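Novice: Sharing input39.tsv here; it has TSV, C-alpha atoms and all ligand atoms.
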chain	number	residue	atom	x	y	z
A	1	MET	CA	62.02	23.99	-24.92
A	2	SER	CA	60.68	26.52	-22.43
A	3	LYS	CA	56.99	26.44	-21.48
A	4	LYS	CA	56.53	29.71	-23.35
A	5	ASP	CA	57.63	28.18	-26.69
A	6	THR	CA	55.51	25.00	-26.79
A	7	PRO	CA	53.69	24.44	-30.12
A	8	MET	CA	50.35	24.72	-28.29
A	9	ASN	CA	51.27	28.12	-26.92
A	10	SER	CA	52.54	29.38	-30.24
A	11	SER	CA	49.29	28.36	-32.03
A	12	GLN	CA	47.24	29.92	-29.22
A	13	ASN	CA	49.33	33.05	-29.60
A	14	SER	CA	48.83	33.22	-33.35
A	15	GLY	CA	45.07	32.50	-32.85
A	16	SER	CA	44.69	35.34	-30.37
A	17	GLY	CA	46.89	37.48	-32.65
A	18	TYR	CA	44.39	37.01	-35.51
A	19	LYS	CA	41.48	37.73	-33.16
A	20	GLN	CA	43.12	40.95	-32.02
A	21	LYS	CA	43.70	41.99	-35.65
A	22	LEU	CA	40.09	41.14	-36.56
A	23	ASP	CA	38.73	43.06	-33.56
A	24	ALA	CA	40.90	46.03	-34.49
A	25	LEU	CA	39.63	45.89	-38.10
A	26	LEU	CA	35.98	45.62	-37.02
A	27	GLY	CA	36.49	48.47	-34.56
A	28	LYS	CA	37.98	50.59	-37.32
A	29	ILE	CA	35.06	49.83	-39.66
A	30	ARG	CA	32.51	50.57	-36.90
A	31	SER	CA	34.15	53.90	-36.18
A	32	LEU	CA	33.79	54.99	-39.84
A	33	PRO	CA	30.85	57.29	-40.64
A	34	ASN	CA	27.82	55.30	-41.93
A	35	ASP	CA	27.75	57.13	-45.27
A	36	SER	CA	31.45	56.64	-46.03
A	37	LEU	CA	32.47	54.67	-49.14
A	38	GLU	CA	34.87	52.48	-47.12
A	39	LYS	CA	32.13	51.39	-44.67
A	40	THR	CA	29.65	50.69	-47.50
A	41	ILE	CA	32.22	48.51	-49.28
A	42	ALA	CA	33.22	46.74	-46.06
A	43	VAL	CA	29.59	45.94	-45.18
A	44	ALA	CA	28.89	44.75	-48.76
A	45	VAL	CA	31.96	42.46	-48.68
A	46	GLY	CA	30.96	41.13	-45.24
A	47	VAL	CA	27.38	40.37	-46.31
A	48	SER	CA	28.60	38.72	-49.55
A	49	LEU	CA	31.06	36.55	-47.61
A	50	PHE	CA	28.38	35.50	-45.14
A	51	CYS	CA	25.93	34.64	-47.97
A	52	ALA	CA	28.59	32.70	-49.91
A	53	VAL	CA	29.45	30.60	-46.86
A	54	PHE	CA	25.73	30.05	-46.11
A	55	VAL	CA	24.92	28.97	-49.70
A	56	SER	CA	27.97	26.66	-49.86
A	57	LEU	CA	27.14	24.99	-46.56
A	58	SER	CA	23.48	24.58	-47.57
A	59	ALA	CA	24.51	23.00	-50.89
A	60	VAL	CA	26.78	20.53	-49.11
A	61	ALA	CA	24.20	19.74	-46.42
A	62	LEU	CA	21.36	19.24	-48.95
A	63	ARG	CA	23.36	17.09	-51.37
A	64	PRO	CA	22.31	13.69	-49.87
A	65	LEU	CA	18.66	14.80	-50.01
A	66	GLN	CA	19.03	15.83	-53.65
A	67	VAL	CA	20.59	12.47	-54.53
A	68	ALA	CA	17.79	10.61	-52.73
A	69	ASN	CA	15.11	12.69	-54.50
A	70	LYS	CA	16.71	12.09	-57.88
A	71	LYS	CA	16.73	8.35	-57.25
A	72	LEU	CA	13.11	8.44	-56.11
A	73	ASP	CA	12.17	10.31	-59.29
A	74	ILE	CA	13.84	7.67	-61.45
A	75	ASP	CA	12.17	4.89	-59.44
A	76	LYS	CA	8.78	6.61	-59.92
A	77	ASN	CA	9.42	6.72	-63.65
A	78	ILE	CA	10.28	3.02	-63.75
A	79	VAL	CA	7.23	1.81	-61.84
A	80	THR	CA	4.77	4.08	-63.66
A	81	VAL	CA	6.12	3.31	-67.13
A	82	ALA	CA	5.54	-0.39	-66.34
A	83	GLY	CA	1.99	0.43	-65.24
A	84	LEU	CA	2.64	-0.94	-61.72
A	85	ILE	CA	1.18	2.20	-60.18
A	86	SER	CA	-0.72	5.15	-61.66
A	87	GLU	CA	0.71	8.63	-62.16
A	88	SER	CA	-1.39	9.90	-59.27
A	89	GLU	CA	-0.03	7.22	-56.93
A	90	ALA	CA	3.56	8.03	-57.88
A	91	GLY	CA	3.60	10.88	-55.35
A	92	GLU	CA	3.55	8.34	-52.50
A	93	ALA	CA	7.06	7.10	-51.81
A	94	ASP	CA	5.77	3.98	-49.98
A	95	LEU	CA	3.74	2.87	-53.02
A	96	VAL	CA	6.77	3.44	-55.27
A	97	ARG	CA	8.97	1.37	-52.95
A	98	LYS	CA	6.37	-1.43	-52.77
A	99	ALA	CA	6.01	-1.50	-56.58
A	100	LEU	CA	9.79	-1.70	-56.92
A	101	THR	CA	9.76	-5.08	-55.15
A	102	SER	CA	8.13	-6.49	-58.33
A	103	ILE	CA	11.15	-5.49	-60.38
A	104	GLU	CA	14.45	-7.28	-60.79
A	105	THR	CA	17.29	-5.17	-62.19
A	106	ARG	CA	19.92	-6.89	-64.33
A	107	ILE	CA	22.97	-5.73	-66.27
A	108	VAL	CA	23.21	-6.48	-69.97
A	109	ASP	CA	26.41	-6.46	-72.02
A	110	LEU	CA	25.15	-4.49	-75.01
A	111	GLU	CA	27.63	-6.00	-77.45
A	112	THR	CA	26.78	-9.64	-76.76
A	113	GLY	CA	23.20	-9.02	-75.67
A	114	GLU	CA	23.81	-11.34	-72.68
A	115	PHE	CA	23.11	-10.71	-69.01
A	116	THR	CA	26.29	-10.33	-67.00
A	117	ASP	CA	27.17	-10.40	-63.30
A	118	ALA	CA	30.60	-8.88	-63.95
A	119	ILE	CA	29.22	-5.44	-63.10
A	120	ASP	CA	27.69	-4.57	-59.73
A	121	VAL	CA	24.11	-3.67	-60.56
A	122	ASN	CA	23.70	-1.53	-57.42
A	123	ALA	CA	26.76	0.58	-58.14
A	124	PHE	CA	26.33	0.89	-61.91
A	125	ASP	CA	25.46	4.32	-63.30
A	126	ALA	CA	25.14	4.25	-67.10
A	127	ARG	CA	25.50	8.02	-67.46
A	128	LYS	CA	28.78	8.06	-65.51
A	129	ALA	CA	29.97	4.87	-67.22
A	130	ALA	CA	29.46	6.42	-70.67
A	131	GLY	CA	32.31	8.85	-69.97
A	132	ASP	CA	34.55	6.21	-68.42
A	133	PRO	CA	37.40	4.95	-70.68
A	134	GLU	CA	36.89	1.35	-69.47
A	135	LEU	CA	33.12	1.14	-69.13
A	136	GLY	CA	32.12	3.54	-71.91
A	137	MET	CA	32.67	3.83	-75.64
A	138	GLU	CA	32.43	6.39	-78.38
A	139	ILE	CA	29.56	5.67	-80.77
A	140	PRO	CA	30.74	5.65	-84.38
A	141	ARG	CA	29.30	8.73	-86.08
A	142	GLN	CA	27.31	6.75	-88.67
A	143	ASP	CA	25.59	4.74	-85.89
A	144	ASP	CA	24.90	7.70	-83.59
A	145	VAL	CA	21.34	8.38	-84.73
A	146	ALA	CA	20.34	9.51	-81.22
A	147	HIS	CA	23.21	12.06	-81.17
A	148	ILE	CA	24.56	11.01	-77.77
A	149	LYS	CA	28.23	10.61	-78.84
A	150	ARG	CA	29.07	8.04	-76.13
A	151	ARG	CA	27.32	5.27	-74.26
A	152	ALA	CA	28.15	2.73	-71.58
A	153	LYS	CA	29.09	-0.75	-72.81
A	154	TYR	CA	26.57	-2.12	-70.34
A	155	ALA	CA	22.99	-1.19	-69.51
A	156	LYS	CA	20.52	-1.86	-66.76
A	157	VAL	CA	17.34	-3.63	-67.78
A	158	TYR	CA	14.40	-4.05	-65.46
A	159	LEU	CA	12.43	-7.31	-65.44
A	160	VAL	CA	8.89	-6.87	-64.16
A	161	LYS	CA	7.37	-9.82	-62.30
A	162	GLY	CA	3.76	-10.75	-63.02
A	163	ASP	CA	1.13	-12.19	-60.69
A	164	GLY	CA	2.24	-15.83	-60.94
A	165	LYS	CA	5.37	-16.95	-59.13
A	166	ASP	CA	8.23	-15.13	-60.81
A	167	LYS	CA	6.24	-14.82	-64.06
A	168	LEU	CA	7.79	-12.29	-66.43
A	169	ASP	CA	5.29	-9.55	-67.17
A	170	ALA	CA	7.28	-6.77	-68.86
A	171	LEU	CA	10.71	-5.45	-69.65
A	172	ILE	CA	11.91	-1.88	-69.10
A	173	LEU	CA	14.79	-0.42	-71.09
A	174	PRO	CA	16.59	2.86	-70.39
A	175	VAL	CA	16.73	5.11	-73.47
A	176	SER	CA	18.28	8.49	-74.22
A	177	GLY	CA	18.65	10.80	-77.18
A	178	TYR	CA	19.06	14.40	-78.16
A	179	GLY	CA	15.93	16.51	-78.76
A	180	LEU	CA	16.14	20.18	-79.67
A	181	TRP	CA	17.74	21.59	-76.51
A	182	SER	CA	18.67	18.64	-74.41
A	183	THR	CA	19.48	14.97	-74.10
A	184	MET	CA	16.26	13.31	-73.02
A	185	TYR	CA	16.63	10.40	-70.59
A	186	GLY	CA	13.79	7.99	-70.04
A	187	PHE	CA	12.44	4.48	-70.03
A	188	LEU	CA	10.61	2.38	-72.58
A	189	ALA	CA	8.52	-0.48	-71.19
A	190	LEU	CA	7.84	-3.47	-73.44
A	191	GLU	CA	5.41	-6.31	-72.94
A	192	ALA	CA	6.98	-9.71	-72.26
A	193	ASP	CA	6.96	-10.39	-76.04
A	194	GLY	CA	9.84	-7.88	-76.31
A	195	GLU	CA	8.21	-5.96	-79.15
A	196	THR	CA	4.96	-4.35	-78.00
A	197	VAL	CA	5.14	-1.03	-76.17
A	198	ARG	CA	3.61	-0.82	-72.73
A	199	GLY	CA	4.72	2.73	-71.97
A	200	ILE	CA	7.33	5.44	-72.30
A	201	ASN	CA	8.43	8.23	-69.97
A	202	PHE	CA	11.24	10.74	-69.54
A	203	TYR	CA	12.69	11.63	-66.13
A	204	ASP	CA	15.27	14.13	-67.35
A	205	GLN	CA	14.82	16.48	-70.30
A	206	ALA	CA	14.96	20.22	-70.91
A	207	GLU	CA	12.76	20.68	-73.99
A	208	THR	CA	10.46	23.72	-74.02
A	209	PRO	CA	7.45	23.27	-71.72
A	210	GLY	CA	4.28	23.12	-73.84
A	211	LEU	CA	6.26	22.23	-77.00
A	212	GLY	CA	9.00	19.57	-76.86
A	213	GLY	CA	8.39	19.29	-73.11
A	214	GLU	CA	5.10	17.55	-73.95
A	215	VAL	CA	7.14	14.32	-74.11
A	216	VAL	CA	6.15	13.93	-70.47
A	217	ASN	CA	2.44	14.63	-71.03
A	218	PRO	CA	0.55	11.53	-69.77
A	219	LYS	CA	-2.12	11.94	-72.51
A	220	TRP	CA	0.48	11.79	-75.26
A	221	ARG	CA	2.40	9.00	-73.57
A	222	ALA	CA	-0.81	6.94	-73.33
A	223	ILE	CA	-1.02	6.64	-77.13
A	224	TRP	CA	2.20	4.61	-77.17
A	225	LYS	CA	0.58	1.61	-75.47
A	226	GLY	CA	0.19	-1.34	-77.86
A	227	LYS	CA	2.45	0.13	-80.59
A	228	LYS	CA	4.84	-2.28	-82.30
A	229	ILE	CA	8.57	-1.62	-82.47
A	230	PHE	CA	9.82	-3.97	-85.20
A	231	ASN	CA	8.64	-4.54	-88.76
A	232	LYS	CA	8.53	-8.00	-90.36
A	233	GLN	CA	12.26	-7.74	-91.13
A	234	GLY	CA	13.00	-7.09	-87.44
A	235	GLU	CA	14.03	-3.44	-87.96
A	236	PRO	CA	13.01	-0.90	-85.31
A	237	VAL	CA	10.58	1.26	-87.30
A	238	LEU	CA	8.38	2.74	-84.56
A	239	GLY	CA	8.51	6.52	-84.82
A	240	LEU	CA	6.64	9.78	-84.57
A	241	ILE	CA	4.91	11.21	-87.63
A	242	LYS	CA	3.91	14.81	-88.33
A	243	GLY	CA	0.28	15.18	-87.24
A	244	ASN	CA	-2.07	12.46	-86.06
A	245	VAL	CA	-1.93	8.76	-86.84
A	246	ASP	CA	-4.80	7.36	-88.92
A	247	PRO	CA	-5.47	3.96	-87.30
A	248	SER	CA	-7.19	2.68	-90.46
A	249	LYS	CA	-4.00	3.05	-92.50
A	250	PRO	CA	-1.56	0.12	-92.81
A	251	GLY	CA	1.56	0.64	-90.71
A	252	SER	CA	-0.24	2.75	-88.10
A	253	GLU	CA	0.85	0.23	-85.44
A	254	TYR	CA	4.40	1.57	-85.95
A	255	GLN	CA	3.40	5.24	-85.73
A	256	VAL	CA	2.82	7.71	-82.90
A	257	ASP	CA	1.36	11.24	-83.18
A	258	GLY	CA	4.09	13.89	-83.45
A	259	LEU	CA	4.21	16.68	-80.88
A	260	ALA	CA	2.56	19.83	-82.26
A	261	GLY	CA	5.06	22.64	-82.89
A	262	ALA	CA	7.93	20.40	-81.80
A	263	THR	CA	9.08	18.58	-84.91
A	264	LEU	CA	12.70	18.53	-83.75
A	265	THR	CA	11.94	17.00	-80.35
A	266	SER	CA	9.62	14.51	-82.10
A	267	GLN	CA	12.45	13.60	-84.43
A	268	GLY	CA	14.70	13.18	-81.38
A	269	VAL	CA	12.25	10.69	-79.83
A	270	SER	CA	12.05	8.69	-83.10
A	271	ASN	CA	15.85	8.72	-83.26
A	272	LEU	CA	16.31	7.44	-79.74
A	273	ILE	CA	13.92	4.53	-80.38
A	274	LYS	CA	15.77	3.73	-83.60
A	275	TYR	CA	19.14	3.80	-81.81
A	276	TRP	CA	18.35	1.97	-78.59
A	277	LEU	CA	16.18	-0.71	-80.18
A	278	GLY	CA	18.67	-1.13	-83.03
A	279	GLU	CA	21.87	-3.11	-83.50
A	280	SER	CA	24.07	-0.64	-81.58
A	281	GLY	CA	21.65	-0.52	-78.63
A	282	PHE	CA	19.48	-3.31	-77.20
A	283	GLY	CA	19.11	-5.05	-80.61
A	284	PRO	CA	21.34	-8.06	-79.78
A	285	PHE	CA	19.73	-8.40	-76.33
A	286	LEU	CA	16.16	-8.20	-77.67
A	287	GLU	CA	16.95	-10.67	-80.43
A	288	LYS	CA	18.07	-13.24	-77.84
A	289	PHE	CA	15.22	-12.33	-75.53
A	290	LYS	CA	12.57	-12.84	-78.23
A	291	GLN	CA	14.11	-16.11	-79.39
A	292	SER	CA	14.08	-17.58	-75.89
A	293	LYS	CA	10.54	-16.22	-75.26
A	294	PRO	CA	11.05	-16.31	-71.48
A	295	LYS	CA	7.88	-16.75	-69.46
A	296	THR	CA	9.66	-16.42	-66.14
A	297	LEU	CA	12.42	-14.30	-64.67
A	298	GLU	CA	14.51	-17.49	-64.48
A	299	GLY	CA	14.04	-17.96	-68.21
A	300	ALA	CA	15.12	-14.39	-68.87
A	301	ALA	CA	18.31	-14.97	-66.91
A	401	LIG	C1	11.05	29.68	-77.82
A	401	LIG	C2	10.93	28.49	-78.72
A	401	LIG	C3	11.02	27.24	-78.15
A	401	LIG	C4	10.93	26.11	-78.95
A	401	LIG	N1	11.03	24.87	-78.37
A	401	LIG	C5	10.96	23.77	-79.15
A	401	LIG	C6	11.11	22.47	-78.58
A	401	LIG	O1	11.25	22.27	-77.38
A	401	LIG	N2	11.08	21.43	-79.44
A	401	LIG	C7	10.91	21.57	-80.80
A	401	LIG	O2	10.93	20.58	-81.51
A	401	LIG	N3	10.75	22.79	-81.33
A	401	LIG	C8	10.77	23.87	-80.55
A	401	LIG	N4	10.62	25.10	-81.11
A	401	LIG	C9	10.29	25.19	-82.53
A	401	LIG	C10	11.47	24.86	-83.42
A	401	LIG	O3	12.32	25.94	-83.41
A	401	LIG	C11	10.93	24.54	-84.81
A	401	LIG	O4	10.31	25.66	-85.32
A	401	LIG	C12	9.90	23.45	-84.73
A	401	LIG	O5	10.51	22.30	-84.21
A	401	LIG	C13	9.27	23.15	-86.04
A	401	LIG	O6	8.16	22.34	-85.72
A	401	LIG	P1	6.79	22.39	-86.53
A	401	LIG	O7	7.16	22.07	-87.94
A	401	LIG	O8	5.95	21.34	-85.87
A	401	LIG	O9	6.25	23.75	-86.33
A	401	LIG	C14	10.73	26.23	-80.33
A	401	LIG	C15	10.64	27.51	-80.89
A	401	LIG	C16	10.74	28.61	-80.11
A	401	LIG	C17	10.63	29.96	-80.74
Please go through the file and, once you have read it, give me the structure as C-alpha cells.
Specialist:
Amino acid sequence: MSKKDTPMNSSQNSGSGYKQKLDALLGKIRSLPNDSLEKTIAVAVGVSLFCAVFVSLSAVALRPLQVANKKLDIDKNIVTVAGLISESEAGEADLVRKALTSIETRIVDLETGEFTDAIDVNAFDARKAAGDPELGMEIPRQDDVAHIKRRAKYAKVYLVKGDGKDKLDALILPVSGYGLWSTMYGFLALEADGETVRGINFYDQAETPGLGGEVVNPKWRAIWKGKKIFNKQGEPVLGLIKGNVDPSKPGSEYQVDGLAGATLTSQGVSNLIKYWLGESGFGPFLEKFKQSKPKTLEGAA
C-alpha cells in the first residue's frame, strides 16, 4: 500500500473533502442577496438545526439532575407524610436526608403479604415493574377499582423508626389510582396499629389545580390524620364523601371531606384507598402486620 492510500490519509481526505464542500456551500449562501428566498430558508434551517442540537444536548446533560430531583421529591413526600419533618422544612435537602435515616425500606410480596429479600430494594421501581411481564401483572377488571390496569407483584413499604431503639412508629404504603385526568401517585402513612391514618400525600398527579389538584393541599390532607381505614369486618371503608364530614355522626371516623367541585378526583382517591388497602393490594400484608402487632422493626420483619 503506498503512503498516499493509507486508511488514515483516505479519511483525512474525505474529511477535508466535506469541509471544502461545506465552505463552498456557506460561501454560496453568503453571496446570496439578504432578501432572497433561498438565503431566508437556508438561515432558518441553520438556526433550527442549531437549536435542535442545543435542546437535545441540554436534555441529555440535565437528565441526571432531573432523576435526582424526582427522587428528592419522592423522599420529601415520604418523610413529610410520616410527620418526620414539616412541609416548610421539606425544602431543605439535608433535613430530608436526615429524616430518611429513620426509615427502613422493605419489599413486600403482595400476594403472600410477606416481606421478601428476593428483590433488590434499592433497584426496585414499582412503576417500571408494573409493565414488566415477570415483575408485573394485569389486574382483573372486577378488582381494578383504582383503574390502574396493571401493578407490580411486589411493593416497597417504609417502616418508620420511633424514638426508642428500633421501635416501630409508623408504616408508609405507596398508593396510586386514576382521578379525572391522571393517575395519582402518593403515599399513605399509617400509625403502627396498621389501621389509623397518619397522613396522605401525592407526589405525581395532573388533576386541575384548584379543583382535583387540591389533593396536595396541606389543609385538606391534615383532616386525614386519625381516620380509620377498616370497619369492624376488616373491610377498607375509608373514603371521601360529598361535602363536609359531621364528626357527631356515627361512621365519621371512616369519612373525609370531598374536594369541592372535584367529585371525580374525590372518587378516585376513595377508589385508590379501597384498592390498595383491600385484598388485591396491601390487604394480606396488613392482615399479617396487624396480627403480629410488631412493636419493633425486628418484629415487623
Ligand atoms: C376545566 C375543568 C377542569 C376540571 N377539573 C376537574 C378535576 O380536576 N377533578 C374533578 O373531579 N373535576 C374536575 N372538573 C369538574 C368535572 O368535570 C365534574 O363537573 C365535577 O367532577 C363534578 O363535581 P361536583 O359535583 O363536585 O361539582 C373540571 C371541570 C372543568 C370545566
Novice: Against ligand LIG 401 (chain A), which residues of chain A fall within 6 Å? For each one I want the closest pair of atoms and the distance in Å (one decimal), counting all atoms listed in the file, rows by chain and increasing residue number, as a Markdown table.
Specialist:
| residue | atom | partner | partner_atom | distance |
| --- | --- | --- | --- | --- |
| A:Leu180 | CA | A:LIG401 | N2 | 5.2 |
| A:Glu207 | CA | A:LIG401 | O1 | 4.0 |
| A:Thr208 | CA | A:LIG401 | O1 | 3.7 |
| A:Leu211 | CA | A:LIG401 | O1 | 5.0 |
| A:Gly212 | CA | A:LIG401 | O1 | 3.6 |
| A:Gly213 | CA | A:LIG401 | O1 | 5.9 |
| A:Ala260 | CA | A:LIG401 | O8 | 5.2 |
| A:Gly261 | CA | A:LIG401 | O8 | 3.4 |
| A:Ala262 | CA | A:LIG401 | O2 | 3.0 |
| A:Thr263 | CA | A:LIG401 | O6 | 4.0 |
| A:Leu264 | CA | A:LIG401 | O2 | 3.5 |
| A:Thr265 | CA | A:LIG401 | O2 | 3.9 |
Novice: Measuring atom to atom with only C-alpha atoms, identify which of A:Lys98, A:Arg30, A:Lys71, A:Lys290 is nearest to Thr196 (chain A).
Specialist: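 Once distances to Thr196 (chain A) are computed over only C-alpha atoms, the minimum belongs to A:Lys290.
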Novice: Which polymer residues have any atom within 12 Å of an atom of Ser266 (chain A), counting all atoms listed in the file, with same-chain residues fewer than 2 positions away left out, as a PyMOL selection string?
Specialist: chain A and resi 146+177-180+184+207+211-215+220+239-243+255-264+268-273
Novice: Please provide as a ChimeraX atom specification all residues within 9 Å of Glu111 (chain A), with the sequence filter that same-chain residues fewer than 5 positions apart are discarded (counting only C-alpha atoms).
Specialist: /A:153-154,279-282,284-285
Novice: Can I get the selected residues back with C-alpha atoms, as a PDB file, in the frame of the given file?
Specialist:
ATOM      1  CA  LYS A 153      29.090  -0.750 -72.810  1.00  0.00           C
ATOM      2  CA  TYR A 154      26.570  -2.120 -70.340  1.00  0.00           C
ATOM      3  CA  GLU A 279      21.870  -3.110 -83.500  1.00  0.00           C
ATOM      4  CA  SER A 280      24.070  -0.640 -81.580  1.00  0.00           C
ATOM      5  CA  GLY A 281      21.650  -0.520 -78.630  1.00  0.00           C
ATOM      6  CA  PHE A 282      19.480  -3.310 -77.200  1.00  0.00           C
ATOM      7  CA  PRO A 284      21.340  -8.060 -79.780  1.00  0.00           C
ATOM      8  CA  PHE A 285      19.730  -8.400 -76.330  1.00  0.00           C
TER       9      PHE A 285
END
Novice: One decimal, Å: what's the distance from CA of Glu253 (chain A) over to CA of Gly83 (chain A), could you say?
Specialist: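 Taking CA of Glu253 (chain A) and CA of Gly83 (chain A), their separation equals 20.2 Å.
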Novice: Could you give me, as a ChimeraX atom specification, the residues within 9 Å of Phe289 (chain A), counting all atoms listed in the file and dropping anything in the same chain fewer than 2 positions from it?
Specialist: /A:113,193-194,284-287,291-294,300
Novice: Mind pulling up the distance from CA of Asn77 (chain A) to CA of Asp117 (chain A)?
Specialist: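 For CA of Asp117 (chain A) relative to CA of Asn77 (chain A), the distance reads 24.7 Å.
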Novice: So, with all atoms listed in the file as the atoms that count, which of A:Leu135, A:Gly17, A:Ser88, A:Tyr275 lies closest to Ile148 (chain A)?
Specialist: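 Nearest candidate to Ile148 (chain A) out of A:Leu135, A:Gly17, A:Ser88, A:Tyr275: A:Tyr275.
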Novice: Counting all atoms listed in the file, what is within 7 Å of Val216 (chain A), bar same-chain residues fewer than 3 positions away, as an MDAnalysis selection string?
Specialist: chainID A and resid 201:202 213 221
Novice: Go ahead and write the residues just picked, C-alpha atoms, as a CSV table (one decimal), keeping the file's coordinate frame.
Specialist:
chain,number,residue,atom,x,y,z
A,201,ASN,CA,8.4,8.2,-70.0
A,202,PHE,CA,11.2,10.7,-69.5
A,213,GLY,CA,8.4,19.3,-73.1
A,221,ARG,CA,2.4,9.0,-73.6
Novice: Could you tell me how far CA of Ala129 (chain A) lies from CA of Asp73 (chain A), in Å and to one decimal?
Specialist: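 For CA of Ala129 (chain A) relative to CA of Asp73 (chain A), the distance reads 20.2 Å.
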Novice: Would you kindly return, as a ChimeraX atom specification, each protein, DNA or RNA residue with an atom no farther than 7 Å from any atom of Ile139 (chain A), considering all atoms listed in the file and excluding same-chain residues fewer than 6 positions away?
Specialist: /A:149-151
Novice: Counting all atoms listed in the file, which of A:Ala152, A:Val157, A:Ala93, A:Ala222 gets nearest to Thr105 (chain A)?
Specialist: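 Smallest separation from Thr105 (chain A) among the options: A:Val157.
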Novice: Out of A:Arg97, A:Arg106, A:Arg63, A:Lys227, which residue has the shortest atom-to-atom distance to Gly251 (chain A) when counting only C-alpha atoms?
Specialist: A:Lys227
Novice: Mind dumping region 193-222 of chain A from that block, keeping C-alpha atoms, as an mmCIF file, in the first residue's frame?
Specialist:
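Contents of out_27.cif, as written:
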data_model
loop_
_atom_site.group_PDB
_atom_site.id
_atom_site.type_symbol
_atom_site.label_atom_id
_atom_site.label_comp_id
_atom_site.auth_asym_id
_atom_site.auth_seq_id
_atom_site.Cartn_x
_atom_site.Cartn_y
_atom_site.Cartn_z
ATOM 1 C CA ASP A 193 -51.514 -0.183 64.593
ATOM 2 C CA GLY A 194 -51.789 -0.590 60.793
ATOM 3 C CA GLU A 195 -55.259 0.943 60.658
ATOM 4 C CA THR A 196 -55.171 4.591 61.736
ATOM 5 C CA VAL A 197 -54.157 7.209 59.183
ATOM 6 C CA ARG A 198 -51.222 9.436 59.991
ATOM 7 C CA GLY A 199 -51.102 11.246 56.662
ATOM 8 C CA ILE A 200 -51.534 11.138 52.904
ATOM 9 C CA ASN A 201 -49.750 12.922 50.076
ATOM 10 C CA PHE A 202 -49.370 12.779 46.304
ATOM 11 C CA TYR A 203 -46.041 13.391 44.555
ATOM 12 C CA ASP A 204 -47.284 12.889 40.997
ATOM 13 C CA GLN A 205 -50.724 13.864 39.721
ATOM 14 C CA ALA A 206 -52.148 16.058 36.972
ATOM 15 C CA GLU A 207 -55.609 16.943 38.270
ATOM 16 C CA THR A 208 -56.796 20.526 37.709
ATOM 17 C CA PRO A 209 -55.084 22.996 40.059
ATOM 18 C CA GLY A 210 -57.692 24.435 42.446
ATOM 19 C CA LEU A 211 -60.107 21.533 41.796
ATOM 20 C CA GLY A 212 -58.825 17.942 41.778
ATOM 21 C CA GLY A 213 -55.306 19.302 42.286
ATOM 22 C CA GLU A 214 -56.347 20.159 45.861
ATOM 23 C CA VAL A 215 -55.356 16.585 46.748
ATOM 24 C CA VAL A 216 -51.983 18.099 47.606
ATOM 25 C CA ASN A 217 -53.406 20.952 49.712
ATOM 26 C CA PRO A 218 -51.860 20.589 53.215
ATOM 27 C CA LYS A 219 -55.082 21.862 54.872
ATOM 28 C CA TRP A 220 -57.161 19.147 53.245
ATOM 29 C CA ARG A 221 -54.536 16.496 53.843
ATOM 30 C CA ALA A 222 -54.452 17.420 57.559
#
